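To be precise, the following lines are structure07.pdb, and they hold PDB, C-alpha atoms.
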ATOM      1  CA  MET B  16       1.771 -24.936 -20.446
ATOM      2  CA  SER B  17      -1.682 -24.715 -18.989
ATOM      3  CA  GLU B  18      -3.554 -24.101 -15.810
ATOM      4  CA  ASN B  19      -4.019 -27.776 -15.102
ATOM      5  CA  SER B  20      -1.706 -30.568 -14.085
ATOM      6  CA  SER B  21      -1.869 -32.521 -17.295
ATOM      7  CA  ASP B  22       1.882 -33.137 -17.194
ATOM      8  CA  THR B  23       0.914 -35.796 -14.674
ATOM      9  CA  THR B  24       0.263 -38.824 -16.851
ATOM     10  CA  THR B  25      -2.339 -41.339 -15.719
ATOM     11  CA  PRO B  26      -2.610 -43.949 -18.479
ATOM     12  CA  SER B  27      -4.668 -46.170 -16.219
ATOM     13  CA  ALA B  28      -5.959 -46.144 -12.694
ATOM     14  CA  SER B  29      -3.769 -49.100 -11.691
ATOM     15  CA  SER B  30      -0.494 -47.788 -13.110
ATOM     16  CA  SER B  31      -1.079 -44.263 -11.810
ATOM     17  CA  ALA B  32      -1.809 -45.650  -8.360
ATOM     18  CA  LYS B  33       1.695 -47.128  -8.256
ATOM     19  CA  ARG B  34       3.355 -43.837  -9.126
ATOM     20  CA  MET B  35       0.891 -41.361  -7.639
ATOM     21  CA  PRO B  36      -1.183 -42.959  -4.878
ATOM     22  CA  ASN B  37      -2.814 -39.628  -4.070
ATOM     23  CA  ILE B  38      -4.537 -39.371  -7.477
ATOM     24  CA  ARG B  39      -7.696 -41.255  -8.407
ATOM     25  CA  GLU B  40      -9.117 -41.307 -11.924
ATOM     26  CA  LYS B  41     -12.836 -40.481 -11.886
ATOM     27  CA  GLY B  42     -13.681 -40.784 -15.552
ATOM     28  CA  ARG B  43     -13.164 -39.727 -19.148
ATOM     29  CA  LEU B  44     -14.727 -36.428 -20.129
ATOM     30  CA  MET B  45     -13.839 -36.335 -23.828
ATOM     31  CA  SER B  46     -12.680 -38.924 -26.334
ATOM     32  CA  ALA B  47     -10.352 -38.261 -29.271
ATOM     33  CA  SER B  48     -13.289 -37.889 -31.652
ATOM     34  CA  GLU B  49     -15.047 -35.482 -29.274
ATOM     35  CA  ILE B  50     -11.905 -33.347 -29.048
ATOM     36  CA  GLU B  51     -11.668 -33.262 -32.849
ATOM     37  CA  ARG B  52     -15.315 -32.261 -33.301
ATOM     38  CA  THR B  53     -14.933 -29.566 -30.664
ATOM     39  CA  LEU B  54     -11.903 -28.071 -32.407
ATOM     40  CA  VAL B  55     -13.751 -28.025 -35.727
ATOM     41  CA  ARG B  56     -16.568 -26.075 -34.072
ATOM     42  CA  LEU B  57     -14.135 -23.644 -32.460
ATOM     43  CA  ALA B  58     -12.372 -23.045 -35.787
ATOM     44  CA  HIS B  59     -15.671 -22.103 -37.404
ATOM     45  CA  GLU B  60     -16.554 -19.843 -34.469
ATOM     46  CA  ILE B  61     -13.246 -17.978 -34.829
ATOM     47  CA  VAL B  62     -13.875 -17.361 -38.523
ATOM     48  CA  GLU B  63     -17.479 -16.298 -37.930
ATOM     49  CA  ARG B  64     -16.772 -13.901 -35.055
ATOM     50  CA  ASN B  65     -13.799 -12.297 -36.813
ATOM     51  CA  ASN B  66     -15.430 -11.921 -40.244
ATOM     52  CA  GLY B  67     -12.903 -14.289 -41.735
ATOM     53  CA  ALA B  68      -9.293 -14.824 -40.744
ATOM     54  CA  LYS B  69      -7.284 -12.250 -42.718
ATOM     55  CA  ASN B  70      -6.218 -10.369 -39.583
ATOM     56  CA  VAL B  71      -6.253 -13.335 -37.201
ATOM     57  CA  GLY B  72      -3.138 -14.772 -35.568
ATOM     58  CA  LEU B  73      -3.162 -17.843 -33.342
ATOM     59  CA  VAL B  74      -0.911 -18.050 -30.282
ATOM     60  CA  GLY B  75      -0.654 -21.258 -28.287
ATOM     61  CA  ILE B  76       0.554 -21.333 -24.689
ATOM     62  CA  LYS B  77       3.149 -24.059 -24.352
ATOM     63  CA  ARG B  78       2.677 -26.969 -23.967
ATOM     64  CA  ARG B  79      -0.796 -28.119 -24.938
ATOM     65  CA  GLY B  80      -1.983 -24.785 -26.226
ATOM     66  CA  VAL B  81       0.518 -25.140 -29.071
ATOM     67  CA  PRO B  82      -0.922 -28.270 -30.732
ATOM     68  CA  LEU B  83      -4.404 -26.809 -30.244
ATOM     69  CA  ALA B  84      -3.328 -23.685 -32.149
ATOM     70  CA  GLN B  85      -1.663 -25.777 -34.866
ATOM     71  CA  ARG B  86      -4.711 -27.971 -35.373
ATOM     72  CA  ILE B  87      -7.183 -25.101 -35.398
ATOM     73  CA  GLY B  88      -4.870 -23.210 -37.733
ATOM     74  CA  ARG B  89      -5.007 -26.073 -40.242
ATOM     75  CA  MET B  90      -8.797 -26.168 -39.965
ATOM     76  CA  ILE B  91      -9.111 -22.410 -40.557
ATOM     77  CA  GLU B  92      -6.812 -22.704 -43.567
ATOM     78  CA  ILE B  93      -9.185 -25.289 -45.049
ATOM     79  CA  ILE B  94     -12.199 -23.067 -44.335
ATOM     80  CA  GLU B  95     -10.674 -19.815 -45.598
ATOM     81  CA  LYS B  96      -8.350 -21.251 -48.272
ATOM     82  CA  GLU B  97      -5.362 -19.338 -46.904
ATOM     83  CA  PRO B  98      -2.797 -19.953 -44.127
ATOM     84  CA  VAL B  99      -3.018 -18.427 -40.654
ATOM     85  CA  ASP B 100      -0.032 -17.223 -38.621
ATOM     86  CA  ILE B 101       0.652 -19.436 -35.586
ATOM     87  CA  GLY B 102       2.940 -18.537 -32.686
ATOM     88  CA  THR B 103       4.027 -19.938 -29.324
ATOM     89  CA  LEU B 104       4.293 -18.479 -25.821
ATOM     90  CA  ASP B 105       6.558 -20.473 -23.522
ATOM     91  CA  ILE B 106       5.384 -20.185 -19.908
ATOM     92  CA  SER B 107       6.725 -22.174 -16.976
ATOM     93  CA  PHE B 108       4.486 -22.246 -13.960
ATOM     94  CA  TYR B 109       3.744 -23.810 -10.632
ATOM     95  CA  ARG B 110       1.056 -26.509 -10.819
ATOM     96  CA  ASP B 111      -1.668 -24.212  -9.578
ATOM     97  CA  ASP B 112      -4.327 -26.789 -10.312
ATOM     98  CA  LEU B 113      -3.162 -28.423  -7.094
ATOM     99  CA  SER B 114      -2.411 -25.332  -5.034
ATOM    100  CA  THR B 115      -2.860 -21.583  -5.243
ATOM    101  CA  ALA B 116       0.017 -20.898  -2.863
ATOM    102  CA  GLY B 117       2.850 -21.408  -5.342
ATOM    103  CA  PRO B 118       4.919 -18.800  -7.171
ATOM    104  CA  ARG B 119       3.455 -16.868 -10.100
ATOM    105  CA  PRO B 120       3.835 -18.231 -13.623
ATOM    106  CA  THR B 121       7.037 -17.135 -15.306
ATOM    107  CA  VAL B 122       7.618 -16.464 -18.981
ATOM    108  CA  ASN B 123      10.547 -17.887 -20.908
ATOM    109  CA  LYS B 124      11.614 -15.158 -23.315
ATOM    110  CA  GLY B 125      11.798 -16.140 -26.943
ATOM    111  CA  GLU B 126      10.501 -15.399 -30.389
ATOM    112  CA  LEU B 127       6.748 -15.716 -30.680
ATOM    113  CA  GLY B 128       6.816 -16.485 -34.386
ATOM    114  CA  PHE B 129       5.149 -13.480 -36.049
ATOM    115  CA  ASP B 130       4.414  -9.802 -35.446
ATOM    116  CA  VAL B 131       1.297  -9.462 -33.271
ATOM    117  CA  THR B 132       0.988  -5.683 -33.661
ATOM    118  CA  GLY B 133      -2.410  -4.697 -35.036
ATOM    119  CA  ARG B 134      -3.573  -8.299 -35.239
ATOM    120  CA  ASP B 135      -6.644 -10.012 -33.809
ATOM    121  CA  ILE B 136      -4.914 -12.572 -31.606
ATOM    122  CA  ILE B 137      -6.551 -15.797 -30.470
ATOM    123  CA  LEU B 138      -4.664 -16.909 -27.360
ATOM    124  CA  MET B 139      -5.067 -20.653 -26.760
ATOM    125  CA  ASP B 140      -4.683 -22.975 -23.786
ATOM    126  CA  ASP B 141      -6.094 -26.349 -22.857
ATOM    127  CA  VAL B 142      -7.630 -25.587 -19.443
ATOM    128  CA  LEU B 143      -8.774 -22.319 -17.876
ATOM    129  CA  TYR B 144      -8.683 -22.425 -14.074
ATOM    130  CA  THR B 145      -7.607 -19.538 -11.804
ATOM    131  CA  GLY B 146      -6.608 -17.218 -14.663
ATOM    132  CA  ARG B 147      -3.045 -16.681 -13.428
ATOM    133  CA  THR B 148      -1.410 -18.417 -16.396
ATOM    134  CA  ILE B 149      -3.475 -16.344 -18.817
ATOM    135  CA  ARG B 150      -2.506 -13.165 -16.979
ATOM    136  CA  ALA B 151       1.184 -14.052 -17.398
ATOM    137  CA  ALA B 152       0.586 -14.925 -21.052
ATOM    138  CA  LEU B 153      -1.055 -11.557 -21.713
ATOM    139  CA  ASP B 154       1.891  -9.737 -20.185
ATOM    140  CA  ALA B 155       4.245 -11.764 -22.386
ATOM    141  CA  LEU B 156       2.134 -11.218 -25.479
ATOM    142  CA  PHE B 157       2.210  -7.429 -25.099
ATOM    143  CA  ASP B 158       5.982  -7.574 -24.724
ATOM    144  CA  HIS B 159       5.979  -8.710 -28.371
ATOM    145  CA  GLY B 160       3.744  -5.905 -29.652
ATOM    146  CA  ARG B 161       0.321  -4.350 -29.329
ATOM    147  CA  PRO B 162      -2.448  -6.474 -30.850
ATOM    148  CA  LYS B 163      -5.679  -4.938 -32.081
ATOM    149  CA  SER B 164      -7.550  -7.424 -29.879
ATOM    150  CA  VAL B 165      -6.905 -10.541 -27.811
ATOM    151  CA  GLN B 166      -9.493 -13.301 -27.588
ATOM    152  CA  LEU B 167      -9.028 -16.323 -25.345
ATOM    153  CA  LEU B 168      -9.777 -19.881 -26.482
ATOM    154  CA  VAL B 169      -9.695 -22.858 -24.124
ATOM    155  CA  LEU B 170     -10.647 -26.475 -24.608
ATOM    156  CA  ILE B 171     -11.953 -26.752 -21.028
ATOM    157  CA  ASP B 172     -13.211 -24.096 -18.605
ATOM    158  CA  ARG B 173     -13.283 -25.669 -15.132
ATOM    159  CA  GLY B 174     -14.200 -22.592 -13.099
ATOM    160  CA  HIS B 175     -12.642 -21.333  -9.825
ATOM    161  CA  ARG B 176     -11.374 -18.069 -11.294
ATOM    162  CA  GLU B 177      -9.208 -15.837  -9.103
ATOM    163  CA  LEU B 178      -8.822 -13.085 -11.716
ATOM    164  CA  PRO B 179     -11.422 -11.386 -13.975
ATOM    165  CA  ILE B 180     -10.423 -13.432 -17.030
ATOM    166  CA  GLU B 181     -12.952 -15.197 -19.244
ATOM    167  CA  ALA B 182     -12.655 -17.110 -22.511
ATOM    168  CA  LYS B 183     -14.482 -16.034 -25.659
ATOM    169  CA  PHE B 184     -14.173 -19.472 -27.251
ATOM    170  CA  ILE B 185     -14.816 -22.481 -25.010
ATOM    171  CA  GLY B 186     -14.781 -26.116 -26.007
ATOM    172  CA  ARG B 187     -16.597 -27.341 -22.930
ATOM    173  CA  ILE B 188     -17.513 -25.953 -19.507
ATOM    174  CA  ILE B 189     -16.939 -28.575 -16.804
ATOM    175  CA  PRO B 190     -17.733 -27.539 -13.223
ATOM    176  CA  THR B 191     -15.177 -29.043 -10.853
ATOM    177  CA  ALA B 192     -14.351 -29.256  -7.184
ATOM    178  CA  ARG B 193     -11.061 -27.831  -5.943
ATOM    179  CA  ARG B 194      -9.750 -31.348  -5.280
ATOM    180  CA  GLU B 195     -10.430 -32.404  -8.854
ATOM    181  CA  ILE B 196      -7.968 -32.034 -11.744
ATOM    182  CA  ILE B 197      -8.614 -31.877 -15.473
ATOM    183  CA  GLU B 198      -6.013 -33.791 -17.482
ATOM    184  CA  VAL B 199      -5.929 -32.961 -21.180
ATOM    185  CA  LYS B 200      -3.894 -35.453 -23.200
ATOM    186  CA  LEU B 201      -2.973 -34.679 -26.810
ATOM    187  CA  GLN B 202      -1.125 -36.914 -29.248
ATOM    188  CA  GLU B 203       1.563 -34.328 -29.987
ATOM    189  CA  VAL B 204       2.575 -34.109 -26.315
ATOM    190  CA  ASP B 205       1.305 -37.247 -24.581
ATOM    191  CA  ASN B 206       0.949 -39.890 -27.315
ATOM    192  CA  ASP B 207      -2.632 -40.137 -26.127
ATOM    193  CA  GLU B 208      -5.847 -38.277 -26.928
ATOM    194  CA  GLN B 209      -8.515 -37.764 -24.271
ATOM    195  CA  VAL B 210      -9.637 -35.546 -21.417
ATOM    196  CA  LEU B 211      -9.746 -37.106 -17.959
ATOM    197  CA  LEU B 212     -11.142 -36.062 -14.609
ATOM    198  CA  VAL B 213      -8.991 -37.150 -11.676
ATOM    199  CA  GLU B 214      -9.210 -36.382  -7.985
ATOM    200  CA  LEU B 215      -6.805 -35.822  -5.123
ATOM    201  CA  VAL B 216      -7.422 -38.388  -2.403
ATOM    202  CA  ASP B 217      -6.123 -38.603   1.167
TER
END
What do you get writing this file as structure tokens?
Amino acid sequence: MSENSSDTTTPSASSSAKRMPNIREKGRLMSASEIERTLVRLAHEIVERNNGAKNVGLVGIKRRGVPLAQRIGRMIEIIEKEPVDIGTLDISFYRDDLSTAGPRPTVNKGELGFDVTGRDIILMDDVLYTGRTIRAALDALFDHGRPKSVQLLVLIDRGHRELPIEAKFIGRIIPTARREIIEVKLQEVDNDEQVLLVELVD
């Protein structure tokens, strides 16, 4: 899961108004084709900055970080002509895109999928906000082993950090107000493919 509230589905302004009258859709930030092009760029950046992908392992934070890791993994395999290890971190968390007063993210223990020890790990999530989810993910990751390095990749960086956590690979930086919410929708999770900006209204 991510640091946004993208589990809140808003297929259209009219239908979302019926279910969630306090949310207003402000606009689409990325289309399906823009998401795809961005992931292609990020895959090439990972390969370039790591001198290939022989020691690279991709770890997606559930939920939407997982399909991002799977897609980028397939792209890197095409670039490098060899498969890349892909794992999953399962983190349940309070929707801190709406409030910073909730409980800390919690980690659901489980197998990550491969041995991270000595590897250059690319940790992936859809939205970077306060940094609290990433902090929990790092703690969980090191419970599985000691990587050589950990690099953070996010599709969207929306600002408002509360911890000294920054992404090395960023799809797009989108400055937001506290009342605004980034909704990332991916086919594998939402049967939809776009990034929306919505706003809390009184």
Could you give me, as a PDB file with C-alpha atoms, keeping the file's coordinate frame, the residues within 8 Å of Val99 of chain B, counting only C-alpha atoms and dropping anything in the same chain fewer than 3 positions from it?
ATOM      1  CA  ALA B  68      -9.293 -14.824 -40.744  1.00  0.00           C
ATOM      2  CA  LYS B  69      -7.284 -12.250 -42.718  1.00  0.00           C
ATOM      3  CA  VAL B  71      -6.253 -13.335 -37.201  1.00  0.00           C
ATOM      4  CA  GLY B  72      -3.138 -14.772 -35.568  1.00  0.00           C
ATOM      5  CA  LEU B  73      -3.162 -17.843 -33.342  1.00  0.00           C
ATOM      6  CA  GLY B  88      -4.870 -23.210 -37.733  1.00  0.00           C
ATOM      7  CA  ARG B  89      -5.007 -26.073 -40.242  1.00  0.00           C
ATOM      8  CA  ILE B  91      -9.111 -22.410 -40.557  1.00  0.00           C
ATOM      9  CA  GLU B  92      -6.812 -22.704 -43.567  1.00  0.00           C
TER      10      GLU B  92
END
### Residues returned when the PyMOL selection byres ((chain B and resi 157) around 12) runs on this file, as a list of chain:residue names
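Written out, the selection comes to B:Leu104, B:Leu127, B:Asp130, B:Val131, B:Thr132, B:Gly133, B:Arg134, B:Ile136, B:Leu138, B:Arg150, B:Ala151, B:Ala152, B:Leu153, B:Asp154, B:Ala155, B:Leu156, B:Asp158, B:His159, B:Gly160, B:Arg161, B:Pro162, B:Lys163, B:Ser164, B:Val165.
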### Message
Which residues are close to Arg173 of chain B, i.e. within 10 Å by all atoms listed in the file, leaving aside same-chain residues fewer than 2 positions away? Reply as a VMD selection string.
### Response
chain B and resid 18 to 19 142 to 145 170 to 171 175 to 176 187 to 193 195 to 197
### Message
With the PyMOL selection byres ((chain B and resi 54) around 8) as the selection, what would be picked from this file? Answer as a ChimeraX atom specification, please.
### Response
/B:50-53,55-58,83,86-87,186
### Query
Could you pull the residues within 8 Å of Gly128 of chain B, counting only C-alpha atoms, minus those fewer than 2 positions along the same chain, as a VMD selection string?
chain B and resid 101 to 103 126 130
### Task
Could you check how far atom CA of Ile185 of chain B sits from atom CA of Leu168 of chain B, in Å to one decimal?
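About the pair atom CA of Ile185 of chain B and atom CA of Leu168 of chain B: they are 5.9 Å apart.
Closest approach to Leu44 of chain B from the set B:Lys200, B:Arg64, B:Arg79, B:Lys183 is made by B:Lys200, with distances taken over all atoms listed in the file.
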### Task
Using only C-alpha atoms, pick whichever of B:Gly67, B:Gly146, B:Gly174, B:Gly42 has the shortest atom-to-atom distance to Glu95 of chain B.
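The shortest atom-to-atom distance to Glu95 of chain B comes from B:Gly67.
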### Query
What does the distance between atom CA of Arg147 of chain B and atom CA of Val199 of chain B come to in Å, to one decimal place?
18.3 Å
### Selection result for the PyMOL selection byres ((chain B and resi 216) around 10) on this file, as a count of residues only
10
### Message
Can you measure atom CA of Glu40 of chain B to atom CA of Asp141 of chain B for me? One decimal in Å is fine.
### Response
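Between atom CA of Glu40 of chain B and atom CA of Asp141 of chain B the gap is 18.8 Å.
Distances from B:Leu201, B:Ile93, B:Ile149, B:Leu178 to Ile106 of chain B were compared using all atoms listed in the file, and the smallest one belongs to B:Ile149.
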### Query
B:Phe129, B:Ile61, B:Val204, B:Pro179: which is nearest Gln166 of chain B, counting all atoms listed in the file?
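Counting all atoms listed in the file, the residue closest to Gln166 of chain B is B:Ile61.
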Would you give the centre and edge lengths, in Å to one decimal, of a box along x, y and z around the listed atoms of segment 59-75 of chain B, with 5 Å added to each side, as AutoDock Vina command-line options?
--center_x -9.1 --center_y -16.2 --center_z -35.5 --size_x 26.8 --size_y 21.7 --size_z 24.4
### Query
Which residue, B:Asp105, B:Asp205, B:Asp100, B:Thr148, has the smallest gap to Ile180 of chain B when you use all atoms listed in the file?
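Among the listed residues, B:Thr148 lies closest to Ile180 of chain B.
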